[in-house]
Structure formats: structure tokens, C-alpha cells
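Raw contents of input.cif, mmCIF, C-alpha atoms:
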data_structure
#
loop_
_atom_site.label_atom_id
_atom_site.label_comp_id
_atom_site.auth_asym_id
_atom_site.auth_seq_id
_atom_site.Cartn_x
_atom_site.Cartn_y
_atom_site.Cartn_z
CA GLN A 1 -65.30 36.10 74.31
CA ILE A 2 -63.94 38.91 72.19
CA GLN A 3 -66.51 40.56 69.92
CA LEU A 4 -66.78 43.60 67.73
CA VAL A 5 -70.42 44.48 67.17
CA GLN A 6 -71.23 47.14 64.61
CA SER A 7 -74.33 49.25 64.15
CA GLY A 8 -77.02 48.55 61.59
CA PRO A 9 -77.34 49.27 57.87
CA GLU A 10 -77.73 52.84 56.68
CA LEU A 11 -79.50 54.37 53.67
CA LYS A 12 -78.45 57.92 52.94
CA LYS A 13 -78.74 60.52 50.20
CA PRO A 14 -75.74 62.12 48.49
CA GLY A 15 -74.43 65.02 50.55
CA GLU A 16 -75.67 63.62 53.86
CA SER A 17 -73.51 62.30 56.68
CA VAL A 18 -73.41 58.96 58.43
CA LYS A 19 -71.88 57.73 61.66
CA ILE A 20 -71.37 54.04 62.26
CA SER A 21 -70.20 52.44 65.48
CA CYS A 22 -68.14 49.45 66.54
CA LYS A 23 -68.55 48.26 70.12
CA ALA A 24 -65.80 46.05 71.48
CA SER A 25 -66.19 43.58 74.32
CA GLY A 26 -64.18 40.83 75.94
CA TYR A 27 -60.88 42.71 76.17
CA THR A 28 -59.41 45.99 77.34
CA PHE A 29 -60.44 48.40 74.59
CA THR A 30 -57.47 50.73 74.95
CA ASP A 31 -54.91 47.93 74.59
CA TYR A 32 -55.43 47.49 70.85
CA ALA A 33 -55.76 49.79 67.88
CA MET A 34 -58.95 49.73 65.82
CA HIS A 35 -58.73 49.56 62.06
CA TRP A 36 -61.37 50.34 59.44
CA VAL A 37 -61.71 48.50 56.11
CA LYS A 38 -63.98 49.32 53.17
CA GLN A 39 -65.50 46.79 50.78
CA ALA A 40 -67.51 48.12 47.85
CA PRO A 41 -70.22 45.79 46.49
CA GLY A 42 -68.61 42.82 44.76
CA LYS A 43 -65.14 44.28 45.26
CA GLY A 44 -62.10 43.60 47.40
CA LEU A 45 -60.87 44.95 50.71
CA LYS A 46 -59.40 48.42 51.17
CA TRP A 47 -57.75 49.57 54.36
CA MET A 48 -59.00 52.99 55.43
CA GLY A 49 -56.81 53.67 58.44
CA TRP A 50 -56.68 53.15 62.16
CA ILE A 51 -57.18 54.87 65.47
CA ASN A 52 -55.01 54.59 68.54
CA THR A 53 -57.57 53.67 71.15
CA TYR A 54 -55.30 54.84 73.98
CA THR A 55 -54.51 58.33 72.69
CA GLY A 56 -57.38 58.79 70.26
CA LYS A 57 -55.03 59.71 67.44
CA PRO A 58 -56.36 58.68 64.02
CA THR A 59 -54.31 57.81 60.94
CA TYR A 60 -55.99 57.88 57.54
CA ALA A 61 -55.00 56.20 54.29
CA ASP A 62 -54.54 58.73 51.49
CA ASP A 63 -57.89 57.96 49.85
CA PHE A 64 -59.73 58.58 53.10
CA LYS A 65 -58.40 61.96 54.12
CA GLY A 66 -60.94 64.78 54.34
CA ARG A 67 -64.47 63.42 54.63
CA PHE A 68 -63.74 60.50 56.96
CA VAL A 69 -63.34 60.81 60.71
CA PHE A 70 -62.43 58.11 63.20
CA SER A 71 -63.40 58.78 66.81
CA LEU A 72 -63.80 57.02 70.12
CA GLU A 73 -66.16 56.70 73.03
CA ALA A 74 -63.54 54.96 75.14
CA SER A 75 -65.74 54.78 78.21
CA ALA A 76 -68.15 52.73 76.09
CA SER A 77 -65.41 50.70 74.35
CA THR A 78 -66.71 52.02 71.06
CA ALA A 79 -65.00 53.23 67.92
CA ASN A 80 -66.88 55.32 65.39
CA LEU A 81 -66.52 56.13 61.72
CA GLN A 82 -68.20 59.25 60.40
CA ILE A 83 -68.42 60.01 56.69
CA SER A 84 -69.57 63.46 55.62
CA ASN A 85 -70.78 64.76 52.24
CA LEU A 86 -71.62 61.21 51.14
CA LYS A 87 -71.05 60.26 47.50
CA ASN A 88 -72.38 57.34 45.49
CA GLU A 89 -68.94 55.73 45.61
CA ASP A 90 -69.16 55.56 49.40
CA THR A 91 -71.73 52.79 48.98
CA ALA A 92 -69.96 49.88 50.64
CA THR A 93 -69.70 47.66 53.66
CA TYR A 94 -67.46 49.10 56.35
CA PHE A 95 -65.69 46.77 58.76
CA CYS A 96 -63.95 47.57 62.00
CA ALA A 97 -61.17 45.18 62.86
CA ARG A 98 -58.69 44.50 65.61
CA LEU A 99 -55.60 43.46 63.69
CA THR A 100 -52.56 42.07 65.47
CA SER A 101 -49.51 40.17 64.30
CA ASP A 102 -51.06 36.75 64.82
CA PHE A 103 -54.84 37.09 65.05
CA ASP A 104 -57.70 39.26 63.90
CA TYR A 105 -61.14 40.11 65.15
CA TRP A 106 -63.56 41.68 62.70
CA GLY A 107 -66.94 43.28 63.14
CA GLN A 108 -69.85 41.97 61.12
CA GLY A 109 -69.72 44.99 58.82
CA VAL A 110 -72.13 47.86 58.19
CA MET A 111 -73.69 48.30 54.77
CA VAL A 112 -73.95 51.98 53.85
CA THR A 113 -76.02 52.70 50.75
CA VAL A 114 -75.88 56.15 49.19
CA SER A 115 -78.69 56.76 46.74
CA SER A 116 -80.86 59.67 45.71
CA ASP B 117 -48.14 51.26 47.95
CA ILE B 118 -47.35 47.55 47.73
CA VAL B 119 -49.41 45.81 45.04
CA LEU B 120 -50.49 42.21 45.62
CA THR B 121 -51.60 40.26 42.55
CA GLN B 122 -53.56 37.05 43.00
CA ALA B 123 -54.13 34.23 40.54
CA PRO B 124 -56.36 32.71 39.42
CA LEU B 125 -59.44 34.95 39.71
CA SER B 126 -61.51 31.89 40.40
CA VAL B 127 -60.98 28.19 40.96
CA SER B 128 -63.46 25.34 40.81
CA VAL B 129 -62.61 22.31 42.90
CA THR B 130 -64.13 18.89 43.47
CA PRO B 131 -64.72 18.27 47.19
CA GLY B 132 -61.88 16.21 48.60
CA GLU B 133 -59.35 17.49 46.09
CA SER B 134 -56.73 20.21 46.54
CA ALA B 135 -56.57 23.82 45.43
CA SER B 136 -53.74 26.32 45.21
CA ILE B 137 -53.87 30.11 45.06
CA SER B 138 -50.92 32.34 44.32
CA CYS B 139 -50.11 35.86 45.45
CA ARG B 140 -47.30 37.97 44.07
CA SER B 141 -46.03 41.11 45.77
CA SER B 142 -44.54 44.16 44.05
CA LYS B 143 -42.01 44.42 46.87
CA SER B 144 -40.27 42.03 49.24
CA LEU B 145 -42.43 41.38 52.30
CA LEU B 146 -39.47 40.32 54.43
CA SER B 147 -39.13 42.69 57.35
CA SER B 148 -35.95 43.81 59.04
CA LYS B 149 -36.90 41.42 61.87
CA GLY B 150 -36.79 38.46 59.51
CA ILE B 151 -40.57 38.05 59.43
CA THR B 152 -42.43 37.76 56.14
CA SER B 153 -45.51 39.90 56.55
CA LEU B 154 -47.95 38.00 54.32
CA TYR B 155 -51.43 37.07 55.49
CA TRP B 156 -54.22 34.96 53.99
CA TYR B 157 -57.93 35.48 54.61
CA LEU B 158 -61.13 33.69 53.69
CA GLN B 159 -64.33 35.66 53.28
CA ARG B 160 -67.30 33.36 53.17
CA PRO B 161 -70.43 34.68 51.40
CA GLY B 162 -72.03 37.46 53.43
CA LYS B 163 -69.46 37.23 56.22
CA SER B 164 -66.48 39.13 57.51
CA PRO B 165 -62.96 38.13 56.47
CA GLN B 166 -61.40 35.41 58.61
CA LEU B 167 -57.65 35.19 59.14
CA LEU B 168 -56.25 31.83 57.97
CA ILE B 169 -52.48 32.32 57.86
CA TYR B 170 -50.24 34.91 59.46
CA GLN B 171 -46.60 35.79 58.73
CA MET B 172 -46.61 33.68 55.56
CA SER B 173 -46.77 30.20 57.01
CA ASN B 174 -48.37 30.19 60.46
CA LEU B 175 -51.84 28.78 60.90
CA ALA B 176 -54.19 31.12 62.77
CA SER B 177 -55.92 29.80 65.86
CA GLY B 178 -58.83 27.50 65.08
CA VAL B 179 -57.97 27.06 61.39
CA PRO B 180 -57.81 23.44 60.22
CA ASP B 181 -54.45 22.11 59.11
CA ARG B 182 -55.85 21.45 55.63
CA PHE B 183 -54.65 25.02 54.99
CA SER B 184 -50.99 25.71 54.45
CA SER B 185 -48.90 28.49 52.96
CA SER B 186 -45.38 28.92 51.71
CA GLY B 187 -43.34 31.25 49.59
CA SER B 188 -40.36 33.48 49.09
CA GLU B 189 -40.03 37.20 49.71
CA THR B 190 -42.39 38.11 46.88
CA ASP B 191 -44.20 34.97 45.70
CA PHE B 192 -46.60 33.05 47.88
CA THR B 193 -48.93 30.07 47.60
CA LEU B 194 -51.90 29.06 49.71
CA LYS B 195 -52.75 25.39 49.48
CA ILE B 196 -56.01 23.88 50.59
CA SER B 197 -55.99 20.12 50.78
CA LYS B 198 -59.14 17.99 50.83
CA VAL B 199 -61.43 20.89 50.04
CA GLU B 200 -64.72 20.93 51.96
CA THR B 201 -67.98 22.79 51.40
CA GLU B 202 -67.11 25.25 54.20
CA ASP B 203 -64.06 26.38 52.20
CA VAL B 204 -66.23 28.13 49.61
CA GLY B 205 -65.70 31.87 49.44
CA VAL B 206 -63.19 34.48 48.37
CA TYR B 207 -59.56 34.20 49.44
CA TYR B 208 -57.46 37.31 49.88
CA CYS B 209 -53.78 37.74 50.53
CA GLY B 210 -52.69 40.84 52.40
CA HIS B 211 -49.56 42.39 53.86
CA ARG B 212 -48.76 44.35 57.02
CA LEU B 213 -45.15 45.22 56.25
CA GLU B 214 -45.77 48.96 56.11
CA TYR B 215 -48.56 51.49 55.86
CA PRO B 216 -50.86 51.21 54.10
CA PRO B 217 -51.63 47.52 54.45
CA THR B 218 -53.01 46.32 51.13
CA PHE B 219 -54.88 43.27 49.89
CA GLY B 220 -54.87 41.23 46.73
CA GLY B 221 -57.89 41.32 44.46
CA GLY B 222 -59.24 38.02 45.68
CA THR B 223 -59.68 34.48 44.36
CA LYS B 224 -63.13 32.92 44.38
CA LEU B 225 -63.24 29.23 45.28
CA GLU B 226 -66.26 27.28 44.12
CA LEU B 227 -67.13 23.61 44.27
CA LYS B 228 -67.69 21.49 41.18
#
Will you turn the file into C-alpha cells for me?
Amino acid sequence: QIQLVQSGPELKKPGESVKISCKASGYTFTDYAMHWVKQAPGKGLKWMGWINTYTGKPTYADDFKGRFVFSLEASASTANLQISNLKNEDTATYFCARLTSDFDYWGQGVMVTVSS
Amino acid sequence: DIVLTQAPLSVSVTPGESASISCRSSKSLLSSKGITSLYWYLQRPGKSPQLLIYQMSNLASGVPDRFSSSGSETDFTLKISKVETEDVGVYYCGHRLEYPPTFGGGTKLELK
């Protein structure tokens, strides 16, 4: 069956970097884009952008340009999100998601905590 | 960006009764292909969002038919009939008409 399995929780200090992964299984990885969604504690959902898993081209929402990088390890059917120069406001759960017109698959989410 | 406004912020329902949640869009969600790009999600406590409804009124695979949705180009309603304990969580509307996709602020459904 189709699954998106994300890496484990992260505790980081301000200014550090973090890289979280999303491993897809059960389908051809390069057939579908991968999206990233942020959810701050107790808050709603915010779309961060997406990566074309065939070409590797990323597209970032305005609020996520600069410190956020989407990348792929296509041979491992894995999408990655790297956040550099972490700030307190980056504390959130980050979801990867395969979004299509009529069905979604979401990862379980990765909690990233930024605290000194 | 398109702004989606949900109401109410929270709703408390007796099991077996119905609940309705509204979502209003700042822009028409009707695409040039005649599809209304409005989606409904349920996020159960501690879980990932689950798609309930796609393109305004279509039930996603595996979702019970107690869930239904209707609306116009800018105003939408999710109805849950015969609410069950598994329906507890936060409901979000969202659109995919254009980039960026955005979500409403969420409506928390609790049981009385």
C-alpha cells in the first residue's frame, strides 16, 4: 500500500540546521509531486511548496524562500526538507504529502523543536 | 492569496446528531474547467490530516457517506450526519485553485 514515512523528531538550537526526510513506497516516486506543509503547535496548516519529483525542481511559497530547501534522493524514493539558520518560529510539525485532484497521502509528520 | 474563513471555531455535538461547518472564500473557487476546487479535511488529535471531500462535493475514497458537502463558488458547507466518536478533531477547508493552496483556520468538533 502507499505510504509516506517521515524521519523522527528533532530538537535543535537557534541558528542550527535540520534535515528531515520523507520516504515514499507503494507507487512510482517520480510520477507524483511531493508537497510540504507546516503546522505550528496548536495552529492551522500552511503550505510550504512542492518539488517536482521527476525533474527535481522545487517551488517555494513566499514565506519559505531563503532558508528552506526541498531536495530528492530519487533512487531511494525520498524527499527531503532542510531548514537552515533555525528560528524559534520554525518550531512546528512538518508534513510531506502527495496531493492529487481526488486523493491525498500524508506522512505522519515530523516535530521540529527549536529551543536554546 | 485566497483567504478561507471557517465558522464556527468550535462545535459541540451530541453523538448521533448532525453538525455543519461553513467555509467562505475570498475569491471564486470555480476553475475554468468548471470544477470547484474546495477540499475538506479532518485532522484527528495527534494525526495527519485526512482528505474527506474533494472538488467541493465528492467523497474521498474510504470516507463514510455521513459526510457531505455543498456550496456555491465562494460559500461552502460541510455536513456531518449522525456524528460518531471517531469524528472528533479539527476540520479544515482548503483550496487548490491556484498557488499557493491555502487552508481555513479550522473548526474543532467535540462531543457533548
Measuring between all atoms listed in the file, which one of A:Thr78, A:Asn52, A:Ala61, A:Ser71 shows the shortest distance to A:Cys22?
A:Thr78
Out of A:Gln3, A:Gln108, A:Thr100, A:Thr30, which residue has the shortest atom-to-atom distance to B:Gln159 when counting only C-alpha atoms?
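The closest residue to B:Gln159 is A:Gln108.
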Closest pair table for chain A residues within 8 Å of chain B, all atoms listed in the file, as a tab-separated table:
residue	atom	partner	partner_atom	distance
A:Lys43	CA	B:Gly221	CA	7.9
A:Gly44	CA	B:Gly221	CA	5.6
A:Leu45	CA	B:Phe219	CA	6.3
A:Lys46	CA	B:Thr218	CA	6.7
A:Trp47	CA	B:Pro217	CA	6.5
A:Gly49	CA	B:Pro216	CA	7.8
A:Ala61	CA	B:Pro216	CA	6.5
A:Phe95	CA	B:Ser164	CA	7.8
A:Ser101	CA	B:Tyr170	CA	7.2
A:Asp102	CA	B:Tyr170	CA	5.7
A:Phe103	CA	B:Ala176	CA	6.4
A:Asp104	CA	B:Leu167	CA	6.3
A:Trp106	CA	B:Ser164	CA	6.5
A:Gly107	CA	B:Ser164	CA	7.0
A:Gln108	CA	B:Ser164	CA	5.7
A:Gly109	CA	B:Ser164	CA	6.8
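Within 8 Å of stretch 144-146 of chain B there are Ser141, Lys149, Gly150, Ile151, Thr152, Ser153, Leu154, Glu189, Thr190, His211 and Leu213 of chain B, counting only C-alpha atoms and ignoring same-chain residues fewer than 3 positions away.
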Can you write just those residues out, C-alpha atoms, as a PDB file, keeping the file's coordinate frame?
ATOM      1  CA  SER B 141     -46.030  41.110  45.770  1.00  0.00           C
ATOM      2  CA  LYS B 149     -36.900  41.420  61.870  1.00  0.00           C
ATOM      3  CA  GLY B 150     -36.790  38.460  59.510  1.00  0.00           C
ATOM      4  CA  ILE B 151     -40.570  38.050  59.430  1.00  0.00           C
ATOM      5  CA  THR B 152     -42.430  37.760  56.140  1.00  0.00           C
ATOM      6  CA  SER B 153     -45.510  39.900  56.550  1.00  0.00           C
ATOM      7  CA  LEU B 154     -47.950  38.000  54.320  1.00  0.00           C
ATOM      8  CA  GLU B 189     -40.030  37.200  49.710  1.00  0.00           C
ATOM      9  CA  THR B 190     -42.390  38.110  46.880  1.00  0.00           C
ATOM     10  CA  HIS B 211     -49.560  42.390  53.860  1.00  0.00           C
ATOM     11  CA  LEU B 213     -45.150  45.220  56.250  1.00  0.00           C
TER      12      LEU B 213
END
Counting only C-alpha atoms, which residues have an atom no more than 12 Å from (-75.6, 46.1, 57.3) in the file's coordinates? Please list them as a PyMOL selection string.
(chain A and resi 5-11+20-21+91-95+107-113) or (chain B and resi 162-164)
Residues around (-76.1, 59.9, 48.0), cut-off 10 Å, counting all atoms listed in the file - what are they as an MDAnalysis selection string?
chainID A and resid 11:17 85:91 113:116
